[in-house]
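To be precise, the following lines are run-v6.txt, and they hold compact mmCIF, C-alpha atoms.
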# COMPACT_ATOMS: atom_id res chain seq x y z
CA MET A 1 0.00 0.00 0.00
CA THR A 2 1.36 3.38 -1.02
CA ILE A 3 0.42 7.03 -0.48
CA LEU A 4 1.03 9.56 -3.27
CA VAL A 5 1.57 13.20 -2.24
CA THR A 6 1.26 15.88 -4.93
CA GLY A 7 2.51 19.43 -4.46
CA SER A 8 5.23 17.72 -2.46
CA THR A 9 7.86 20.47 -2.52
CA GLY A 10 5.48 23.36 -1.81
CA THR A 11 4.37 25.03 1.40
CA ILE A 12 1.65 22.52 2.28
CA GLY A 13 3.09 19.40 0.66
CA THR A 14 6.25 19.79 2.73
CA GLN A 15 4.15 19.90 5.90
CA VAL A 16 2.14 16.85 4.86
CA LEU A 17 5.31 14.83 4.27
CA ALA A 18 6.71 15.95 7.63
CA PHE A 19 3.61 14.74 9.48
CA LEU A 20 3.59 11.42 7.58
CA ASP A 21 7.24 10.84 8.43
CA GLY A 22 7.72 8.00 10.89
CA ARG A 23 4.10 6.84 10.69
CA GLY A 24 4.92 3.47 9.19
CA VAL A 25 3.52 4.01 5.70
CA ALA A 26 5.06 3.96 2.23
CA VAL A 27 5.04 7.44 0.72
CA ARG A 28 5.61 8.49 -2.87
CA ALA A 29 6.13 12.20 -3.68
CA LEU A 30 5.35 13.63 -7.11
CA THR A 31 7.89 16.26 -8.21
CA ARG A 32 9.19 17.76 -11.42
CA SER A 33 12.76 17.45 -10.12
CA PRO A 34 13.27 14.25 -8.12
CA GLU A 35 17.04 14.59 -8.47
CA THR A 36 17.11 17.78 -6.36
CA ALA A 37 14.06 17.34 -4.10
CA GLN A 38 14.83 16.99 -0.40
CA PHE A 39 12.34 14.67 1.28
CA PRO A 40 12.27 12.77 4.60
CA VAL A 41 14.20 9.51 4.56
CA GLY A 42 12.20 6.75 2.92
CA VAL A 43 10.03 8.96 0.71
CA ASP A 44 10.14 7.76 -2.90
CA ALA A 45 10.53 10.75 -5.24
CA VAL A 46 8.85 10.18 -8.61
CA LYS A 47 9.11 12.48 -11.60
CA GLY A 48 5.85 13.98 -12.75
CA ASP A 49 3.57 16.98 -13.00
CA LEU A 50 -0.20 17.28 -12.76
CA SER A 51 -0.18 18.98 -16.17
CA ASP A 52 1.32 15.78 -17.65
CA ILE A 53 -1.41 13.15 -17.35
CA ASP A 54 0.85 10.31 -18.51
CA SER A 55 3.25 11.00 -15.64
CA VAL A 56 0.31 11.16 -13.24
CA ARG A 57 -0.96 7.77 -14.41
CA ALA A 58 2.50 6.27 -13.96
CA ALA A 59 2.85 7.76 -10.47
CA LEU A 60 -0.56 6.37 -9.45
CA ASP A 61 0.42 2.80 -10.25
CA GLY A 62 0.07 0.81 -7.03
CA VAL A 63 -1.16 3.82 -5.03
CA THR A 64 -3.93 3.27 -2.49
CA THR A 65 -4.33 6.80 -1.09
CA LEU A 66 -3.81 10.15 -2.85
CA PHE A 67 -3.22 13.61 -1.42
CA LEU A 68 -4.24 16.02 -4.17
CA LEU A 69 -3.03 19.61 -4.12
CA ALA A 70 -3.51 21.28 -7.49
CA PRO A 71 -1.34 24.35 -8.15
CA ASN A 72 -2.78 27.84 -8.47
CA ALA A 73 -2.40 27.88 -12.24
CA PRO A 74 -4.57 28.87 -15.22
CA ASP A 75 -5.37 25.19 -15.84
CA GLU A 76 -5.80 24.25 -12.17
CA LEU A 77 -9.31 22.91 -12.78
CA THR A 78 -8.21 20.67 -15.65
CA GLN A 79 -5.23 19.33 -13.71
CA ALA A 80 -7.33 18.47 -10.67
CA MET A 81 -10.20 16.87 -12.58
CA LEU A 82 -7.93 14.73 -14.77
CA THR A 83 -5.94 13.59 -11.74
CA LEU A 84 -9.11 12.60 -9.89
CA ASP A 85 -10.35 10.68 -12.91
CA ALA A 86 -7.00 8.92 -13.27
CA ALA A 87 -6.99 8.05 -9.55
CA SER A 88 -10.45 6.57 -9.83
CA ALA A 89 -9.42 4.52 -12.87
CA ALA A 90 -6.34 3.30 -10.99
CA GLY A 91 -8.49 1.99 -8.15
CA VAL A 92 -7.25 4.40 -5.48
CA LYS A 93 -9.38 3.71 -2.40
CA GLY A 94 -8.97 7.06 -0.65
CA ILE A 95 -8.31 10.68 -1.64
CA VAL A 96 -7.67 13.83 0.40
CA TYR A 97 -8.28 16.96 -1.67
CA LEU A 98 -7.10 20.43 -0.64
CA SER A 99 -9.83 22.93 -1.49
CA VAL A 100 -10.40 26.38 0.07
CA PHE A 101 -12.46 27.93 2.88
CA LYS A 102 -15.51 29.95 1.70
CA GLY A 103 -15.05 28.70 -1.85
CA GLU A 104 -18.77 28.20 -2.33
CA ALA A 105 -19.41 31.87 -1.43
CA TYR A 106 -16.52 33.50 -3.32
CA THR A 107 -17.29 32.15 -6.80
CA ASP A 108 -16.01 35.36 -8.41
CA VAL A 109 -12.46 34.53 -7.26
CA PRO A 110 -10.94 32.30 -9.97
CA HIS A 111 -8.94 29.87 -7.85
CA PHE A 112 -11.84 29.54 -5.41
CA ALA A 113 -14.24 28.80 -8.28
CA SER A 114 -11.91 26.12 -9.65
CA LYS A 115 -11.81 24.31 -6.34
CA VAL A 116 -15.58 24.47 -5.89
CA THR A 117 -16.03 22.96 -9.36
CA VAL A 118 -13.67 20.13 -8.38
CA GLU A 119 -15.77 19.57 -5.25
CA ARG A 120 -18.87 19.28 -7.46
CA MET A 121 -17.11 16.62 -9.53
CA ILE A 122 -16.18 14.72 -6.38
CA HIS A 123 -19.79 14.69 -5.18
CA ALA A 124 -21.23 13.84 -8.60
CA ALA A 125 -18.84 10.93 -9.08
CA GLY A 126 -19.26 9.65 -5.52
CA LEU A 127 -15.50 9.51 -5.01
CA PRO A 128 -14.13 8.41 -1.59
CA VAL A 129 -12.71 11.82 -0.73
CA THR A 130 -12.02 14.00 2.28
CA ILE A 131 -12.27 17.65 1.24
CA LEU A 132 -10.12 19.99 3.33
CA ARG A 133 -10.97 23.69 3.11
CA PRO A 134 -8.11 25.78 4.53
CA ALA A 135 -8.49 29.47 5.26
CA TYR A 136 -5.83 32.09 4.48
CA PHE A 137 -2.43 30.84 5.64
CA ILE A 138 -1.01 32.53 8.74
CA GLN A 139 2.53 32.02 7.42
CA ASN A 140 1.76 34.27 4.45
CA ASP A 141 2.41 37.07 6.93
CA LEU A 142 6.09 36.22 7.13
CA ARG A 143 6.22 38.52 4.10
CA GLN A 144 5.16 41.38 6.41
CA LYS A 145 8.57 41.44 8.09
CA ASP A 146 9.92 44.54 6.30
CA ALA A 147 6.69 46.51 6.73
CA LEU A 148 6.39 45.61 10.40
CA LEU A 149 10.03 46.14 11.35
CA GLY A 150 10.88 48.94 8.94
CA ALA A 151 7.71 51.02 8.61
CA SER A 152 5.86 49.88 11.75
CA VAL A 153 2.76 48.97 9.77
CA TYR A 154 0.85 45.83 8.90
CA ALA A 155 0.52 46.07 5.14
CA MET A 156 -1.81 43.24 4.10
CA PRO A 157 -5.18 44.91 3.29
CA ILE A 158 -7.40 42.42 5.14
CA GLY A 159 -10.10 44.95 6.14
CA ASP A 160 -12.32 44.85 9.21
CA LYS A 161 -14.70 41.91 8.67
CA GLY A 162 -12.37 39.23 10.05
CA ILE A 163 -10.42 36.23 8.70
CA SER A 164 -9.89 32.96 10.58
CA MET A 165 -6.32 32.46 9.35
CA VAL A 166 -4.88 28.95 9.74
CA ASP A 167 -1.37 27.77 10.56
CA ILE A 168 0.22 25.69 7.78
CA ARG A 169 1.40 23.15 10.36
CA ASP A 170 -2.21 22.48 11.28
CA ILE A 171 -3.07 22.00 7.60
CA GLY A 172 -0.27 19.47 7.18
CA GLU A 173 -1.18 17.63 10.36
CA ALA A 174 -4.89 17.47 9.49
CA ALA A 175 -4.14 16.25 5.99
CA ALA A 176 -1.80 13.56 7.31
CA ASN A 177 -4.43 12.40 9.82
CA GLU A 178 -7.05 12.02 7.10
CA ILE A 179 -4.61 10.38 4.69
CA LEU A 180 -3.74 7.79 7.33
CA ARG A 181 -7.37 7.23 8.30
CA ARG A 182 -8.25 6.43 4.70
CA GLU A 183 -5.05 4.47 4.06
CA ARG A 184 -5.57 2.21 7.07
CA ALA A 185 -9.25 1.55 6.43
CA ASP A 186 -10.18 -1.87 5.06
CA ALA A 187 -12.48 -0.30 2.45
CA PRO A 188 -13.23 3.13 0.95
CA LEU A 189 -14.67 5.48 3.57
CA PRO A 190 -17.62 7.84 3.13
CA HIS A 191 -17.12 11.42 1.96
CA ALA A 192 -16.09 14.00 4.58
CA THR A 193 -15.47 17.76 4.58
CA PHE A 194 -13.57 19.89 7.09
CA ALA A 195 -12.92 23.62 7.34
CA LEU A 196 -9.29 24.18 8.34
CA VAL A 197 -9.42 27.41 10.32
CA GLY A 198 -7.72 29.27 13.12
CA PRO A 199 -9.30 30.25 16.45
CA ASP A 200 -9.02 34.01 15.83
CA ALA A 201 -11.21 36.33 13.73
CA LEU A 202 -8.40 38.65 12.67
CA THR A 203 -9.14 42.19 11.49
CA ALA A 204 -6.96 45.16 10.60
CA ALA A 205 -7.46 46.53 14.12
CA THR A 206 -6.92 43.31 16.07
CA ILE A 207 -3.88 42.19 14.09
CA SER A 208 -2.23 45.62 14.36
CA ALA A 209 -2.83 45.59 18.11
CA LEU A 210 -1.44 42.06 18.37
CA TRP A 211 1.75 42.98 16.52
CA SER A 212 2.08 46.13 18.67
CA ASP A 213 2.02 43.92 21.76
CA VAL A 214 4.40 41.31 20.35
CA LEU A 215 6.94 43.81 19.00
CA GLY A 216 6.64 46.23 21.92
CA ARG A 217 5.95 49.32 19.82
CA PRO A 218 2.98 50.85 17.99
CA ILE A 219 2.08 49.09 14.75
CA GLY A 220 -0.41 50.75 12.43
CA TYR A 221 -2.49 49.50 9.55
CA ALA A 222 -1.29 50.53 6.09
CA GLY A 223 -4.85 50.64 4.75
CA SER A 224 -7.09 48.66 2.43
CA ASP A 225 -5.54 49.72 -0.89
CA LEU A 226 -6.16 46.92 -3.40
CA ASP A 227 -4.45 48.75 -6.27
CA GLY A 228 -1.23 48.84 -4.29
CA LEU A 229 -1.55 45.17 -3.37
CA GLU A 230 -1.98 44.16 -6.99
CA GLN A 231 1.06 46.17 -8.08
CA ARG A 232 3.22 44.66 -5.33
CA LEU A 233 2.16 41.13 -6.28
CA LYS A 234 3.01 41.76 -9.93
CA ALA A 235 6.64 42.16 -8.88
CA PHE A 236 6.69 38.52 -7.74
CA GLY A 237 4.40 36.76 -10.19
CA PRO A 238 2.21 36.95 -13.29
CA ALA A 239 -0.46 39.63 -13.69
CA TRP A 240 -3.32 37.09 -13.75
CA LEU A 241 -2.27 35.73 -10.36
CA ALA A 242 -1.93 39.23 -8.88
CA TYR A 243 -5.45 40.05 -10.02
CA ASP A 244 -6.78 36.74 -8.66
CA MET A 245 -5.26 37.58 -5.26
CA ARG A 246 -6.73 41.08 -5.45
CA LEU A 247 -10.20 39.64 -5.99
CA MET A 248 -9.74 37.33 -3.02
CA MET A 249 -8.69 40.18 -0.75
CA GLN A 250 -11.57 42.29 -2.04
CA ARG A 251 -14.02 39.63 -0.89
CA TYR A 252 -12.25 39.39 2.47
CA GLN A 253 -12.76 43.13 2.86
CA GLN A 254 -16.41 42.96 1.83
CA ASP A 255 -17.55 39.80 3.60
CA GLY A 256 -14.75 38.41 5.73
CA ALA A 257 -13.97 34.71 6.21
CA VAL A 258 -14.79 33.93 9.82
CA ALA A 259 -15.23 30.35 10.99
CA THR A 260 -18.13 29.21 13.14
CA ASP A 261 -17.64 27.62 16.55
CA ALA A 262 -18.82 24.33 15.02
CA GLU A 263 -16.18 24.50 12.28
CA ILE A 264 -13.44 25.22 14.80
CA GLY A 265 -14.71 22.36 16.97
CA ARG A 266 -14.64 19.82 14.12
CA PHE A 267 -11.14 20.93 13.17
CA THR A 268 -10.00 20.59 16.78
CA THR A 269 -11.31 17.02 16.81
CA LEU A 270 -9.52 16.22 13.55
CA LEU A 271 -6.24 17.62 14.88
CA GLY A 272 -6.53 16.19 18.36
CA HIS A 273 -5.65 19.60 19.79
CA ALA A 274 -6.72 23.24 19.48
CA PRO A 275 -5.67 25.01 16.26
CA ARG A 276 -2.57 27.13 16.64
CA SER A 277 -3.22 30.83 17.19
CA TYR A 278 -1.91 33.83 15.28
CA ARG A 279 -0.22 35.06 18.46
CA ASP A 280 1.81 31.84 18.65
CA PHE A 281 3.00 32.47 15.09
CA ALA A 282 3.71 36.17 15.70
CA GLU A 283 5.77 35.49 18.81
CA ASP A 284 7.81 32.82 17.05
CA ALA A 285 8.34 35.06 14.02
CA ALA A 286 9.39 38.04 16.12
CA ALA A 287 11.90 35.90 18.03
CA ALA A 288 13.37 34.56 14.78
CA TRP A 289 13.63 38.05 13.29
CA ALA A 290 15.35 39.36 16.42
CA ALA A 291 17.86 36.50 16.34
CA ALA A 292 18.69 36.88 12.65

Is it possible to express this structure as structure tokens?
Amino acid sequence: MTILVTGSTGTIGTQVLAFLDGRGVAVRALTRSPETAQFPVGVDAVKGDLSDIDSVRAALDGVTTLFLLAPNAPDELTQAMLTLDAASAAGVKGIVYLSVFKGEAYTDVPHFASKVTVERMIHAAGLPVTILRPAYFIQNDLRQKDALLGASVYAMPIGDKGISMVDIRDIGEAAANEILRRERADAPLPHATFALVGPDALTAATISALWSDVLGRPIGYAGSDLDGLEQRLKAFGPAWLAYDMRLMMQRYQQDGAVATDAEIGRFTTLLGHAPRSYRDFAEDAAAAWAAA
């Protein structure tokens, strides 16, 4: 029995592999560059890409459980749907699919809409899948270092409605738990869906106050300028992706993305402990920055 992890060298895939390490299962990691990938001991690196269906089919040979993370790309929907179809044809008994929190509400955000469409395929086909819906990643705010330390401002334009940001370690741990539950089952398990969310409803005001406390000096909010956000993102990636991220942040400003107590409770049960807080992240980040 073998587990296949896609997106294996990225932010979440790396966490998934770390939490599967030492759990007594055979793990295969899909990567475009197996010769340079650095995985935990025992992980079998296989060459492939979700945009290359032949490589996906080859990687799925002998796989019993699949972790599917489709990249944020123009053909994300096609890659995910073809991979799911190939997994079904290969007889994979369990799948864990990484979707997105509030995807069903934010259908005007391209990468949210793609994931919701994949969820519809999963339901229509009756696939044995756990759908994980993570909120905005807490660790994205590591990019706020220069703004926080240099300009004394929090520069991500999150607005005042609230976002239940989630720690990437909790995403990796939850995914590993569900992968193992499906892998160790004698037969395909029923469909399940979890929101992966943090315990805090973070707003411009609360996050600025939190950073002020952690850093020991006043931290302001740089404002809700979406034009500026889009221009900054263009410096690091393609224009389509910058606009996609702008649309996401626009919806956060308009409607927020706050988890319910029930969603937090189900996630806590899945993890086996309370989700990590933003303060925990901020304190760790501040200590690392001070030591650098």

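All protein and nucleic acid residues in the vicinity of (7.4, 14.0, -11.5), that is within 8 Å when counting all atoms listed in the file, are A:Leu30, A:Thr31, A:Arg32, A:Ser33, A:Pro34, A:Ala45, A:Val46, A:Lys47, A:Gly48, A:Asp49, A:Ser55, A:Val56, A:Ala59.
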
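In terms of minimum interatomic distance to Thr14 of chain A, A:Gly172 ranks closest within A:Gly91, A:Gly172, A:Gly162, A:Pro275, counting only C-alpha atoms.
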
From the options A:Met121, A:Ala58, A:Leu127, A:Leu82, which residue's atoms come nearest to His191 of chain A, counting all atoms listed in the file? A:Leu127

Which polymer residues have any atom within 7 Å of an atom of Val63 of chain A, counting all atoms listed in the file, with same-chain residues fewer than 5 positions away left out, as an MDAnalysis selection string? chainID A and resid 1:4 92

Can you tell me, as a PyMOL selection string, what residues are no more than 12 Å from Tyr136 of chain A when counting only C-alpha atoms, ignoring any on the same chain fewer than 6 positions away? chain A and resi 99-103+112+156+158+162-168+171+195-198+200-202+245+248-249+252+256-259+278

C-alpha atoms of the current selection, written as a PDB file, in the coordinates of the input:
ATOM      1  CA  SER A  99      -9.830  22.930  -1.490  1.00  0.00           C
ATOM      2  CA  VAL A 100     -10.400  26.380   0.070  1.00  0.00           C
ATOM      3  CA  PHE A 101     -12.460  27.930   2.880  1.00  0.00           C
ATOM      4  CA  LYS A 102     -15.510  29.950   1.700  1.00  0.00           C
ATOM      5  CA  GLY A 103     -15.050  28.700  -1.850  1.00  0.00           C
ATOM      6  CA  PHE A 112     -11.840  29.540  -5.410  1.00  0.00           C
ATOM      7  CA  MET A 156      -1.810  43.240   4.100  1.00  0.00           C
ATOM      8  CA  ILE A 158      -7.400  42.420   5.140  1.00  0.00           C
ATOM      9  CA  GLY A 162     -12.370  39.230  10.050  1.00  0.00           C
ATOM     10  CA  ILE A 163     -10.420  36.230   8.700  1.00  0.00           C
ATOM     11  CA  SER A 164      -9.890  32.960  10.580  1.00  0.00           C
ATOM     12  CA  MET A 165      -6.320  32.460   9.350  1.00  0.00           C
ATOM     13  CA  VAL A 166      -4.880  28.950   9.740  1.00  0.00           C
ATOM     14  CA  ASP A 167      -1.370  27.770  10.560  1.00  0.00           C
ATOM     15  CA  ILE A 168       0.220  25.690   7.780  1.00  0.00           C
ATOM     16  CA  ILE A 171      -3.070  22.000   7.600  1.00  0.00           C
ATOM     17  CA  ALA A 195     -12.920  23.620   7.340  1.00  0.00           C
ATOM     18  CA  LEU A 196      -9.290  24.180   8.340  1.00  0.00           C
ATOM     19  CA  VAL A 197      -9.420  27.410  10.320  1.00  0.00           C
ATOM     20  CA  GLY A 198      -7.720  29.270  13.120  1.00  0.00           C
ATOM     21  CA  ASP A 200      -9.020  34.010  15.830  1.00  0.00           C
ATOM     22  CA  ALA A 201     -11.210  36.330  13.730  1.00  0.00           C
ATOM     23  CA  LEU A 202      -8.400  38.650  12.670  1.00  0.00           C
ATOM     24  CA  MET A 245      -5.260  37.580  -5.260  1.00  0.00           C
ATOM     25  CA  MET A 248      -9.740  37.330  -3.020  1.00  0.00           C
ATOM     26  CA  MET A 249      -8.690  40.180  -0.750  1.00  0.00           C
ATOM     27  CA  TYR A 252     -12.250  39.390   2.470  1.00  0.00           C
ATOM     28  CA  GLY A 256     -14.750  38.410   5.730  1.00  0.00           C
ATOM     29  CA  ALA A 257     -13.970  34.710   6.210  1.00  0.00           C
ATOM     30  CA  VAL A 258     -14.790  33.930   9.820  1.00  0.00           C
ATOM     31  CA  ALA A 259     -15.230  30.350  10.990  1.00  0.00           C
ATOM     32  CA  TYR A 278      -1.910  33.830  15.280  1.00  0.00           C
TER      33      TYR A 278
END

Can you work out which one of A:Ala282, A:Val5, A:Ala209, A:Ala113 has the shortest atom-to-atom distance to Asn72 of chain A, counting all atoms listed in the file? A:Ala113

A straight line from atom CA of Leu142 of chain A to atom CA of Thr107 of chain A spans 27.5 Å

Smallest atom-to-atom distance to Gln250 of chain A: which of A:Glu263, A:Asp54, A:Asp225, A:Glu283, using only C-alpha atoms? A:Asp225

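Of the listed residues A:Ile95, A:Val41, A:Ala73, A:Ala105, the one whose atoms come nearest to Leu241 of chain A is A:Ala73, with distances taken using only C-alpha atoms.
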
Computed gap from atom CA of Ala174 of chain A to atom CA of Ala274 of chain A is 11.7 Å

The distance between atom CA of Asp52 of chain A and atom CA of Ala29 of chain A is 15.2 Å

Taking (0.4, 12.6, 7.7) as a centre in this file's frame and 8 Å as the limit, can you find every polymer residue with an atom that close, using only C-alpha atoms, and give them as a PyMOL selection string? chain A and resi 16-21+23+172-180

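Among the candidate residues A:Pro157, A:Ala124, A:Trp240, A:Val109, the one lying nearest to Gln144 of chain A is A:Pro157, with distances computed using only C-alpha atoms.
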
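Close contacts of Gly220 of chain A, defined as residues with an atom at most 7 Å away when counting only C-alpha atoms, with chain neighbours fewer than 3 positions off set aside, comprise Ser152, Val153, Tyr154 and Ser208 of chain A.
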
Could you pull the residues within 9 Å of Thr83 of chain A, counting only C-alpha atoms, minus those fewer than 6 positions along the same chain, as a ChimeraX atom specification? /A:50,53,56-57,68
